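What follows is the content of protein_25.txt, which has compact mmCIF, C-alpha atoms:
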# COMPACT_ATOMS: atom_id res chain seq x y z
CA MET A 1 174.85 54.46 80.51
CA ILE A 2 172.03 54.41 77.94
CA ASN A 3 174.48 53.90 75.09
CA LYS A 4 176.06 51.00 76.94
CA THR A 5 172.66 49.40 77.53
CA LEU A 6 171.68 49.80 73.88
CA GLY A 7 175.07 48.39 72.86
CA ASN A 8 174.43 45.30 74.97
CA ILE A 9 171.06 44.76 73.26
CA PHE A 10 171.90 45.64 69.66
CA LYS A 11 174.97 43.47 69.28
CA GLY A 12 176.38 42.37 65.98
CA ASP A 13 176.69 44.07 62.61
CA LYS A 14 175.12 47.54 62.65
CA VAL A 15 174.31 47.54 58.92
CA ILE A 16 172.26 44.34 59.32
CA TRP A 17 170.42 45.99 62.21
CA MET A 18 169.66 49.07 60.09
CA VAL A 19 168.35 46.95 57.20
CA PHE A 20 166.20 44.98 59.63
CA PHE A 21 164.67 48.07 61.23
CA PHE A 22 163.97 49.70 57.85
CA LEU A 23 162.15 46.53 56.75
CA CYS A 24 160.18 46.49 60.02
CA ILE A 25 159.12 50.13 59.62
CA ILE A 26 158.04 49.49 56.03
CA SER A 27 156.21 46.38 57.18
CA VAL A 28 154.19 48.18 59.87
CA VAL A 29 153.22 51.05 57.53
CA GLU A 30 152.30 48.86 54.57
CA VAL A 31 150.50 46.16 56.56
CA PHE A 32 148.46 48.91 58.22
CA SER A 33 147.63 50.31 54.81
CA ALA A 34 146.97 46.97 53.08
CA SER A 35 144.79 45.37 55.77
CA SER A 36 141.55 47.10 54.86
CA SER A 37 139.83 43.79 54.07
CA LEU A 38 140.82 42.36 57.46
CA SER A 39 139.68 45.54 59.18
CA TYR A 40 136.31 45.33 57.42
CA LYS A 41 135.82 41.68 58.37
CA GLY A 42 136.89 42.17 61.97
CA GLY A 43 135.18 45.50 62.48
CA ASN A 44 138.34 46.94 64.06
CA TYR A 45 140.60 49.20 62.03
CA TRP A 46 143.59 48.85 64.37
CA SER A 47 143.37 45.15 65.13
CA PRO A 48 145.39 43.76 62.14
CA VAL A 49 148.33 46.12 62.54
CA LEU A 50 148.39 45.78 66.34
CA LYS A 51 148.49 42.01 65.98
CA HIS A 52 151.26 42.35 63.39
CA CYS A 53 153.25 44.68 65.68
CA SER A 54 152.93 42.22 68.56
CA ILE A 55 154.27 39.42 66.34
CA LEU A 56 157.14 41.66 65.23
CA LEU A 57 157.98 42.38 68.88
CA VAL A 58 158.06 38.66 69.62
CA GLY A 59 160.30 38.28 66.57
CA VAL A 60 162.68 41.02 67.76
CA PHE A 61 162.83 39.44 71.21
CA SER A 62 163.59 36.03 69.66
CA MET A 63 166.24 37.63 67.46
CA VAL A 64 167.96 39.27 70.44
CA VAL A 65 167.98 35.94 72.29
CA VAL A 66 169.44 34.08 69.30
CA LEU A 67 172.14 36.65 68.53
CA ASN A 68 173.48 36.17 72.07
CA VAL A 69 174.02 32.47 71.39
CA LYS A 70 177.50 31.69 70.09
CA CYS A 71 177.32 30.29 66.58
CA LYS A 72 179.24 27.14 67.51
CA TYR A 73 176.27 25.99 69.59
CA PHE A 74 173.97 25.93 66.57
CA LYS A 75 175.68 22.70 65.49
CA ILE A 76 174.24 20.93 68.53
CA LEU A 77 170.70 21.72 67.40
CA THR A 78 171.05 20.17 63.94
CA PRO A 79 170.01 16.54 64.68
CA PHE A 80 167.14 17.64 66.93
CA LEU A 81 165.80 20.12 64.38
CA LEU A 82 166.02 17.52 61.60
CA ILE A 83 163.92 15.09 63.65
CA ILE A 84 161.41 17.81 64.58
CA SER A 85 161.16 18.97 60.97
CA PHE A 86 160.58 15.44 59.67
CA LEU A 87 157.93 14.60 62.27
CA THR A 88 156.02 17.88 61.91
CA LEU A 89 156.04 17.67 58.11
CA ILE A 90 154.51 14.18 58.32
CA TRP A 91 152.06 15.50 60.91
CA VAL A 92 150.89 18.34 58.68
CA LEU A 93 150.28 15.93 55.79
CA ILE A 94 148.16 13.66 57.99
CA ALA A 95 146.29 16.09 60.21
CA GLY A 96 147.21 19.59 59.09
CA GLN A 97 144.81 22.49 58.76
CA SER A 98 143.80 23.22 55.19
CA THR A 99 143.72 26.75 53.79
CA ASN A 100 143.00 27.45 50.11
CA GLY A 101 143.33 23.73 49.37
CA ALA A 102 146.76 23.28 50.98
CA GLN A 103 147.55 21.65 54.31
CA ARG A 104 150.44 23.73 55.63
CA TRP A 105 149.57 24.57 59.23
CA ILE A 106 149.41 22.58 62.45
CA ASN A 107 148.33 23.54 65.95
CA PHE A 108 150.55 22.69 68.91
CA VAL A 109 149.49 23.80 72.41
CA GLY A 110 147.40 26.55 70.84
CA ILE A 111 150.20 27.81 68.58
CA GLN A 112 149.65 27.61 64.83
CA PHE A 113 152.73 27.32 62.64
CA GLN A 114 154.02 26.04 59.31
CA PRO A 115 156.53 23.19 59.68
CA SER A 116 158.02 24.12 56.31
CA GLU A 117 159.30 27.39 57.81
CA ILE A 118 161.25 25.48 60.44
CA ALA A 119 162.41 22.92 57.88
CA LYS A 120 163.91 25.63 55.63
CA GLY A 121 166.27 26.91 58.31
CA THR A 122 167.03 23.37 59.44
CA MET A 123 168.11 22.36 55.95
CA VAL A 124 170.40 25.38 55.65
CA LEU A 125 171.88 24.54 59.05
CA ALA A 126 172.44 20.88 58.09
CA VAL A 127 173.98 21.69 54.68
CA ALA A 128 176.27 24.30 56.26
CA GLN A 129 177.48 21.72 58.77
CA ILE A 130 178.08 19.06 56.09
CA LEU A 131 179.98 21.47 53.83
CA SER A 132 182.12 22.83 56.67
CA ALA A 133 182.96 19.39 58.07
CA MET A 134 184.05 18.04 54.67
CA GLN A 135 186.10 20.92 53.30
CA THR A 136 189.55 20.16 51.90
CA GLU A 137 192.21 22.31 50.27
CA ASN A 138 190.68 21.54 46.88
CA GLY A 139 187.06 22.16 47.88
CA ALA A 140 184.40 19.96 49.41
CA ASP A 141 184.98 16.22 49.61
CA ARG A 142 182.98 14.29 47.02
CA ASN A 143 181.10 12.50 49.82
CA ALA A 144 179.63 15.83 50.94
CA PHE A 145 177.38 15.79 47.88
CA LYS A 146 176.02 12.37 48.85
CA TYR A 147 175.28 13.39 52.44
CA ILE A 148 173.54 16.57 51.29
CA LEU A 149 171.31 14.60 48.92
CA ILE A 150 170.41 12.11 51.67
CA THR A 151 169.44 14.96 54.00
CA CYS A 152 167.39 16.64 51.26
CA ALA A 153 165.62 13.37 50.44
CA ALA A 154 164.46 13.08 54.06
CA ILE A 155 162.91 16.55 54.23
CA ILE A 156 162.19 18.22 50.89
CA PRO A 157 159.72 15.70 49.36
CA TRP A 158 157.31 16.26 52.27
CA ILE A 159 157.43 20.02 51.69
CA LEU A 160 156.96 19.50 47.95
CA LEU A 161 153.60 17.74 48.29
CA GLU A 162 151.91 20.77 49.86
CA ASN A 163 154.13 23.70 48.94
CA PHE A 164 155.91 23.34 45.62
CA SER A 165 157.27 26.89 45.54
CA THR A 166 158.86 26.61 49.01
CA ALA A 167 160.49 23.30 48.06
CA ALA A 168 161.80 24.79 44.79
CA LEU A 169 163.22 27.87 46.51
CA LEU A 170 164.86 25.73 49.19
CA CYS A 171 166.46 23.51 46.52
CA LEU A 172 167.77 26.62 44.75
CA VAL A 173 169.31 27.92 47.99
CA ILE A 174 170.96 24.55 48.70
CA LEU A 175 172.34 24.51 45.14
CA MET A 176 173.88 27.96 45.65
CA MET A 177 175.32 26.83 48.98
CA MET A 178 176.94 23.83 47.26
CA ILE A 179 178.49 26.16 44.67
CA ILE A 180 179.80 28.45 47.43
CA GLY A 181 181.00 25.36 49.34
CA ARG A 182 183.01 24.26 46.26
CA VAL A 183 181.22 20.99 45.66
CA PRO A 184 182.72 19.48 42.46
CA PHE A 185 181.00 20.92 39.38
CA SER A 186 180.81 17.47 37.80
CA GLN A 187 178.47 16.38 40.61
CA ILE A 188 176.43 19.58 40.43
CA GLY A 189 176.13 19.22 36.64
CA ARG A 190 174.78 15.68 36.93
CA LEU A 191 172.36 16.84 39.60
CA LEU A 192 171.05 19.63 37.36
CA GLY A 193 170.54 17.14 34.55
CA VAL A 194 168.50 14.83 36.80
CA VAL A 195 166.51 17.80 38.16
CA MET A 196 165.63 18.91 34.63
CA LEU A 197 164.35 15.43 33.77
CA LEU A 198 162.34 15.26 36.99
CA GLY A 199 161.00 18.75 36.32
CA VAL A 200 159.76 17.72 32.88
CA PHE A 201 158.17 14.59 34.38
CA ALA A 202 156.51 16.61 37.15
CA LEU A 203 155.20 19.13 34.60
CA VAL A 204 153.70 16.34 32.51
CA MET A 205 152.07 14.80 35.59
CA ILE A 206 150.64 18.15 36.69
CA MET A 207 149.20 18.89 33.26
CA ALA A 208 147.79 15.36 33.00
CA ILE A 209 146.29 15.08 36.48
CA GLY A 210 145.27 18.68 37.13
CA GLY A 211 141.60 19.50 36.60
CA GLU A 212 140.27 22.09 34.22
CA GLU A 213 139.03 25.44 35.44
CA GLN A 214 135.74 27.02 34.55
CA LYS A 215 134.62 30.58 34.79
CA PRO A 216 132.09 31.16 37.55
CA ASN A 217 128.55 30.60 36.35
CA ALA A 218 126.45 33.73 36.27
CA ASN A 219 123.76 31.97 38.30
CA ARG A 220 126.23 31.13 41.05
CA GLN A 221 127.24 33.62 43.67
CA LEU A 222 130.91 32.68 43.59
CA THR A 223 133.99 34.81 44.04
CA GLU A 224 136.59 32.08 43.70
CA GLN A 225 137.70 29.80 40.91
CA VAL A 226 135.72 26.65 40.28
CA VAL A 227 137.84 23.58 39.72
CA VAL A 228 136.41 20.54 38.02
CA GLU A 229 137.37 17.56 40.15
CA ARG A 230 137.29 13.94 39.11
CA GLU A 231 134.55 11.85 40.62
CA LYS A 232 136.81 9.25 42.18
CA PRO A 233 140.37 10.47 42.64
CA GLY A 234 142.95 7.76 42.31
CA ALA A 235 146.24 7.32 44.11
CA LEU A 236 148.05 9.83 41.89
CA GLU A 237 145.32 12.44 42.41
CA LYS A 238 145.63 12.01 46.17
CA VAL A 239 149.37 12.56 46.03
CA PHE A 240 149.09 15.42 43.51
CA HIS A 241 145.92 16.93 45.00
CA ARG A 242 147.41 20.40 44.44
CA ALA A 243 147.91 19.65 40.73
CA SER A 244 144.84 21.66 39.67
CA THR A 245 146.15 24.77 41.42
CA TRP A 246 149.65 24.31 39.97
CA LYS A 247 148.25 23.71 36.49
CA SER A 248 146.09 26.83 36.69
CA ARG A 249 149.06 28.99 37.69
CA ILE A 250 151.31 27.54 35.00
CA LEU A 251 148.73 28.04 32.24
CA SER A 252 147.92 31.55 33.45
CA PHE A 253 151.60 32.52 33.47
CA MET A 254 152.32 30.98 30.06
CA ASP A 255 149.31 32.65 28.45
CA ASP A 256 150.99 35.61 26.76
CA LYS A 257 147.95 36.81 24.83
CA ASN A 258 147.46 40.54 24.98
CA ILE A 259 144.07 40.90 26.67
CA PRO A 260 142.32 44.30 26.46
CA PRO A 261 141.61 45.87 29.87
CA ASP A 262 137.84 45.59 29.40
CA SER A 263 138.17 41.83 28.74
CA VAL A 264 140.11 40.95 31.90
CA ASP A 265 138.26 38.46 34.09
CA LEU A 266 138.56 39.93 37.59
CA ASP A 267 136.99 36.81 39.09
CA LYS A 268 139.37 34.33 37.51
CA ASP A 269 142.57 36.42 37.45
CA GLY A 270 141.79 38.87 40.22
CA GLN A 271 145.13 38.82 42.00
CA VAL A 272 147.27 39.35 38.91
CA ALA A 273 144.85 41.90 37.42
CA HIS A 274 144.57 44.06 40.54
CA ALA A 275 148.33 43.83 41.13
CA ASN A 276 148.89 45.14 37.60
CA ILE A 277 146.35 47.91 38.18
CA ALA A 278 148.11 48.87 41.43
CA ILE A 279 151.48 49.10 39.70
CA ALA A 280 150.15 50.93 36.63
CA SER A 281 148.22 53.46 38.72
CA SER A 282 151.28 54.41 40.77
CA ASN A 283 152.30 56.86 38.01
CA ILE A 284 155.97 56.26 38.86
CA VAL A 285 155.96 58.58 41.92
CA GLY A 286 153.25 56.71 43.88
CA LYS A 287 150.07 57.84 45.58
CA GLY A 288 151.61 58.22 49.02
CA PRO A 289 151.56 55.89 52.06
CA GLY A 290 148.03 54.90 53.02
CA ASN A 291 146.48 56.03 49.73
CA SER A 292 146.28 52.67 47.97
CA VAL A 293 143.04 51.93 46.13
CA GLU A 294 143.71 48.35 45.03
CA ARG A 295 144.18 47.14 48.61
CA ASP A 296 140.38 46.97 48.80
CA PHE A 297 140.21 44.61 45.82
CA LEU A 298 143.51 42.71 45.84
CA SER A 299 143.35 39.38 47.66
CA GLN A 300 146.24 38.90 50.10
CA ALA A 301 147.30 42.53 49.63
CA PHE A 302 148.87 42.43 53.11
CA SER A 303 150.83 39.24 52.39
CA ASP A 304 151.65 37.72 49.00
CA PHE A 305 151.08 40.94 47.00
CA ILE A 306 152.23 43.57 49.46
CA TYR A 307 155.02 44.59 47.07
CA ALA A 308 152.38 45.70 44.55
CA ILE A 309 150.85 47.92 47.25
CA ILE A 310 154.31 49.29 48.06
CA ILE A 311 154.77 50.25 44.40
CA GLU A 312 151.29 51.79 44.22
CA GLU A 313 151.91 53.96 47.29
CA THR A 314 155.62 54.77 47.04
CA GLY A 315 156.29 54.46 43.33
CA VAL A 316 159.43 53.23 41.62
CA GLU A 317 161.72 54.83 44.21
CA GLY A 318 160.03 52.99 47.09
CA ALA A 319 160.10 49.70 45.20
CA PHE A 320 163.80 50.17 44.41
CA PHE A 321 164.56 51.06 48.04
CA VAL A 322 162.90 47.89 49.35
CA ALA A 323 164.74 45.73 46.79
CA MET A 324 168.03 47.39 47.69
CA LEU A 325 167.53 46.60 51.38
CA TYR A 326 167.55 42.88 50.56
CA ILE A 327 170.56 43.26 48.26
CA ILE A 328 172.43 45.12 51.03
CA LEU A 329 171.50 42.33 53.44
CA LEU A 330 172.97 39.75 51.06
CA PHE A 331 176.20 41.62 50.31
CA ARG A 332 176.74 42.62 53.93
CA THR A 333 176.29 39.00 55.00
CA GLY A 334 178.76 38.01 52.28
CA ARG A 335 181.31 40.39 53.81
CA ILE A 336 180.67 38.94 57.26
CA ALA A 337 181.08 35.39 55.91
CA ASN A 338 184.30 36.35 54.11
CA ARG A 339 185.78 37.53 57.40
CA CYS A 340 184.97 34.31 59.26
CA GLU A 341 187.96 32.20 60.23
CA ASN A 342 185.94 28.97 60.21
CA ASN A 343 183.74 27.57 57.46
CA PHE A 344 180.60 26.66 59.40
CA PRO A 345 179.50 30.17 60.47
CA ALA A 346 180.31 31.49 56.99
CA PHE A 347 178.19 28.86 55.22
CA LEU A 348 175.38 29.23 57.76
CA ALA A 349 175.16 33.02 57.45
CA MET A 350 175.30 32.94 53.66
CA GLY A 351 172.71 30.17 53.47
CA LEU A 352 170.21 32.08 55.61
CA ALA A 353 170.82 35.33 53.73
CA LEU A 354 170.29 33.55 50.42
CA LEU A 355 167.10 32.02 51.81
CA LEU A 356 165.66 35.42 52.77
CA VAL A 357 166.80 37.31 49.69
CA THR A 358 165.82 34.62 47.17
CA GLN A 359 162.31 34.46 48.61
CA ALA A 360 162.09 38.26 48.61
CA LEU A 361 163.18 38.59 45.00
CA PHE A 362 160.78 35.85 43.92
CA ASN A 363 157.90 37.58 45.74
CA MET A 364 158.75 40.79 43.90
CA CYS A 365 158.85 38.97 40.56
CA VAL A 366 155.39 37.54 41.23
CA ALA A 367 154.00 40.97 42.11
CA VAL A 368 155.24 42.54 38.88
CA GLY A 369 154.22 39.57 36.71
CA LEU A 370 157.66 38.06 36.04
CA ALA A 371 156.88 34.77 37.79
CA PRO A 372 153.74 32.66 38.35
CA VAL A 373 151.70 33.19 41.51
CA THR A 374 153.12 31.02 44.29
CA GLY A 375 151.95 32.31 47.66
CA GLN A 376 155.42 33.26 48.93
CA PRO A 377 155.28 36.25 51.34
CA LEU A 378 157.82 39.07 51.36
CA PRO A 379 160.18 38.22 54.27
CA LEU A 380 160.06 40.63 57.23
CA VAL A 381 157.51 42.83 55.42
CA SER A 382 154.39 40.77 54.72
CA LYS A 383 151.87 40.18 57.47
CA GLY A 384 152.56 36.78 58.98
CA GLY A 385 152.65 34.70 62.13
CA THR A 386 155.35 32.16 62.82
CA SER A 387 157.00 32.90 59.45
CA THR A 388 157.73 36.46 60.63
CA ILE A 389 159.17 35.21 63.92
CA ILE A 390 161.30 32.57 62.22
CA ASN A 391 162.62 35.11 59.69
CA CYS A 392 163.63 37.30 62.62
CA ILE A 393 165.44 34.30 64.09
CA TYR A 394 167.30 33.85 60.80
CA VAL A 395 168.49 37.45 61.04
CA GLY A 396 169.45 36.79 64.66
CA VAL A 397 171.66 33.89 63.56
CA ILE A 398 173.38 36.14 61.00
CA LEU A 399 173.96 38.72 63.75
CA SER A 400 175.30 35.99 66.02
CA VAL A 401 177.81 35.03 63.34
CA SER A 402 178.87 38.67 62.92
CA ARG A 403 179.29 38.99 66.69
CA SER A 404 180.74 35.71 67.90
CA ALA A 405 182.41 33.94 64.95
CA ALA A 406 186.20 34.00 64.96
CA LYS A 407 187.44 36.56 62.44
CA LYS A 408 190.50 36.35 60.23
CA GLN A 409 191.83 39.69 61.49
CA ASP A 410 191.18 39.06 65.18
CA LEU A 411 194.90 38.96 65.95
CA PRO A 412 196.86 42.19 65.37
CA GLU A 413 200.00 42.03 63.25
CA GLN A 414 202.36 42.69 66.16
CA GLU A 415 201.12 39.54 67.91
CA THR A 416 201.69 37.28 64.89
CA GLY A 417 205.21 38.53 64.15
CA SER A 418 205.24 38.71 60.33
CA GLY A 419 201.61 39.69 60.03
CA ALA A 420 200.32 36.17 59.19
CA LEU A 421 197.28 34.96 61.03
CA ALA A 422 197.78 32.45 63.78
CA PRO A 423 195.73 29.23 63.54
CA ALA A 424 192.27 29.38 65.13
I'd like the structure from this file rewritten - as structure tokens, please.
Amino acid sequence: MINKTLGNIFKGDKVIWMVFFFLCIISVVEVFSASSSLSYKGGNYWSPVLKHCSILLVGVFSMVVVLNVKCKYFKILTPFLLIISFLTLIWVLIAGQSTNGAQRWINFVGIQFQPSEIAKGTMVLAVAQILSAMQTENGADRNAFKYILITCAAIIPWILLENFSTAALLCLVILMMMIIGRVPFSQIGRLLGVVMLLGVFALVMIMAIGGEEQKPNANRQLTEQVVVEREKPGALEKVFHRASTWKSRILSFMDDKNIPPDSVDLDKDGQVAHANIAIASSNIVGKGPGNSVERDFLSQAFSDFIYAIIIEETGVEGAFFVAMLYIILLFRTGRIANRCENNFPAFLAMGLALLLVTQALFNMCVAVGLAPVTGQPLPLVSKGGTSTIINCIYVGVILSVSRSAAKKQDLPEQETGSGALAPA
């Protein structure tokens, strides 16, 4: 009876479930360990991890609800989600709450969330529907490319203004979906050429508009970077008001000078420096769960740089294990998509898996110094609010596809006569 009840709850691919639960366990342990700064500020050692656990429980509940929805019904939500994403992205630009110089959050009936998190899944859903609806024997119809670009133009620019890294990752995922969906390479090649030109133009604008940074003055009691702002920002400065932050991160990443440890500026480059210290002090085998030292000094140790804390506490083996969980998630989803009879659930599952895994790998690259600091959390591991719940929903959609999508081998050979599959 118990096994039957558990089977009714934990439907879908069992490997995906195992990966999800391993990530949740790692998340609870590492968030508990890395939240010392939050515990100090709040005066309650258990409060951060209890709040995180409650959000994870809401995420698991949402995931179970979503995986019981047949994947064909997700198509119905596409136009509504596109409208909601567009309106909320405009809303956050006009009246969003600002944190660290970026307006990314809005409050709705007491619930704070990032519209960009909803928009990411919406774009994957829309692109999957376009690609599946316009598939031919020779690949995607050439008009599919046009419709995808129109959809991207309505959503992605609004994400770009406040969250460049999220917009870039989303574009990369959509590009990979177009390759999987067999969009003509001639169209993709032209797109990449235009993107490179726009990227060069954007880089020039950022370097030209972005303000210069100064080291904190010894007479000032400052712990953050000081950015020299122009007296009267013009129209371009208002549009590119994050240019100073982007410029700082680009220059910091491109600066390959070998700085001696005693010359590192822990005020200016605190995140990168303490992340490097955390990784170097792991001594390959790690200090053990809960024994991190750099969590007390590393800003956002429980979020953007939690992978550095994982390395410090669990060593190379723990870091490899976490990375492998995401790789398993991607390859297992690829197997599920390959077994789908219809194109839409296959594209949808692969798109969401690519979204999660690409963000995870980029977060890891930032933590180990292979990419500039962006503020991207580690999916399903970092401490978060609505982002954690929405990531759980993404996994729920993948599980729904594994459970309810028509499979190529649904019909046994004796029912099809010669062993060929009957049409869906």
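From atom CA of Leu67 of chain A back to atom CA of Ala353 of chain A, the distance works out to 14.9 Å.
Taking atom CA of Asp141 of chain A and atom CA of Val127 of chain A as the two end points, the separation is 13.3 Å.
In this structure, atom CA of Ala319 of chain A sits 28.4 Å away from atom CA of Val64 of chain A.
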Quick one: residues within 8 Å of segment 334-340 of chain A, all atoms listed in the file counted, chain neighbours fewer than 3 positions away excluded, as a ChimeraX atom specification? /A:330-331,343,345-347,349-350,401-402,405-409
Residues of segment 378-397 of chain A that approach segment 22-29 of chain A to 9 Å or less, counting all atoms listed in the file: could you list each one with the shortest pair of atoms and its distance in Å to one decimal, rows by chain and increasing residue number, as CSV?
residue,atom,partner,partner_atom,distance
A:Pro379,CA,A:Leu23,CA,8.9
A:Leu380,CA,A:Leu23,CA,6.3
A:Val381,CA,A:Ser27,CA,4.2
A:Ser382,CA,A:Ser27,CA,6.4
A:Lys383,CA,A:Ser27,CA,7.6
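For the set A:Asn342, A:Thr386, A:Phe297, A:Met207, the residue with the smallest atom-to-atom gap to Ser404 of chain A is A:Asn342, counting all atoms listed in the file.
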For Leu87 of chain A: contacts at 12 Å, only C-alpha atoms, fewer than 2 positions along chain excluded, given as a list in words: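 Surrounding residues, per the criterion: Phe80, Leu81, Leu82, Ile83, Ile84, Ser85, Leu89, Ile90, Trp91, Val92, Leu93, Ile94, Ala95, Ile106, Pro115, Ser116, Ile118, Ala119, Ala154, Ile155, Trp158 and Ile159 of chain A.
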Selection from above, C-alpha atoms, as an mmCIF file, in the coordinates of the input, can you write it?
data_model
loop_
_atom_site.group_PDB
_atom_site.id
_atom_site.type_symbol
_atom_site.label_atom_id
_atom_site.label_comp_id
_atom_site.auth_asym_id
_atom_site.auth_seq_id
_atom_site.Cartn_x
_atom_site.Cartn_y
_atom_site.Cartn_z
ATOM 1 C CA PHE A 80 167.140 17.640 66.930
ATOM 2 C CA LEU A 81 165.800 20.120 64.380
ATOM 3 C CA LEU A 82 166.020 17.520 61.600
ATOM 4 C CA ILE A 83 163.920 15.090 63.650
ATOM 5 C CA ILE A 84 161.410 17.810 64.580
ATOM 6 C CA SER A 85 161.160 18.970 60.970
ATOM 7 C CA LEU A 89 156.040 17.670 58.110
ATOM 8 C CA ILE A 90 154.510 14.180 58.320
ATOM 9 C CA TRP A 91 152.060 15.500 60.910
ATOM 10 C CA VAL A 92 150.890 18.340 58.680
ATOM 11 C CA LEU A 93 150.280 15.930 55.790
ATOM 12 C CA ILE A 94 148.160 13.660 57.990
ATOM 13 C CA ALA A 95 146.290 16.090 60.210
ATOM 14 C CA ILE A 106 149.410 22.580 62.450
ATOM 15 C CA PRO A 115 156.530 23.190 59.680
ATOM 16 C CA SER A 116 158.020 24.120 56.310
ATOM 17 C CA ILE A 118 161.250 25.480 60.440
ATOM 18 C CA ALA A 119 162.410 22.920 57.880
ATOM 19 C CA ALA A 154 164.460 13.080 54.060
ATOM 20 C CA ILE A 155 162.910 16.550 54.230
ATOM 21 C CA TRP A 158 157.310 16.260 52.270
ATOM 22 C CA ILE A 159 157.430 20.020 51.690
#
A:Arg182, A:Ala34, A:Leu198, A:Thr122: which is nearest Ala278 of chain A, counting only C-alpha atoms?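 Closest residue, counting only C-alpha atoms: A:Ala34.
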Using only C-alpha atoms, which residues sit within 9 Å of Gln376 of chain A once same-chain residues fewer than 6 positions away are excluded, as a PyMOL selection string? chain A and resi 165-166+303-304+359-360+362-363+366
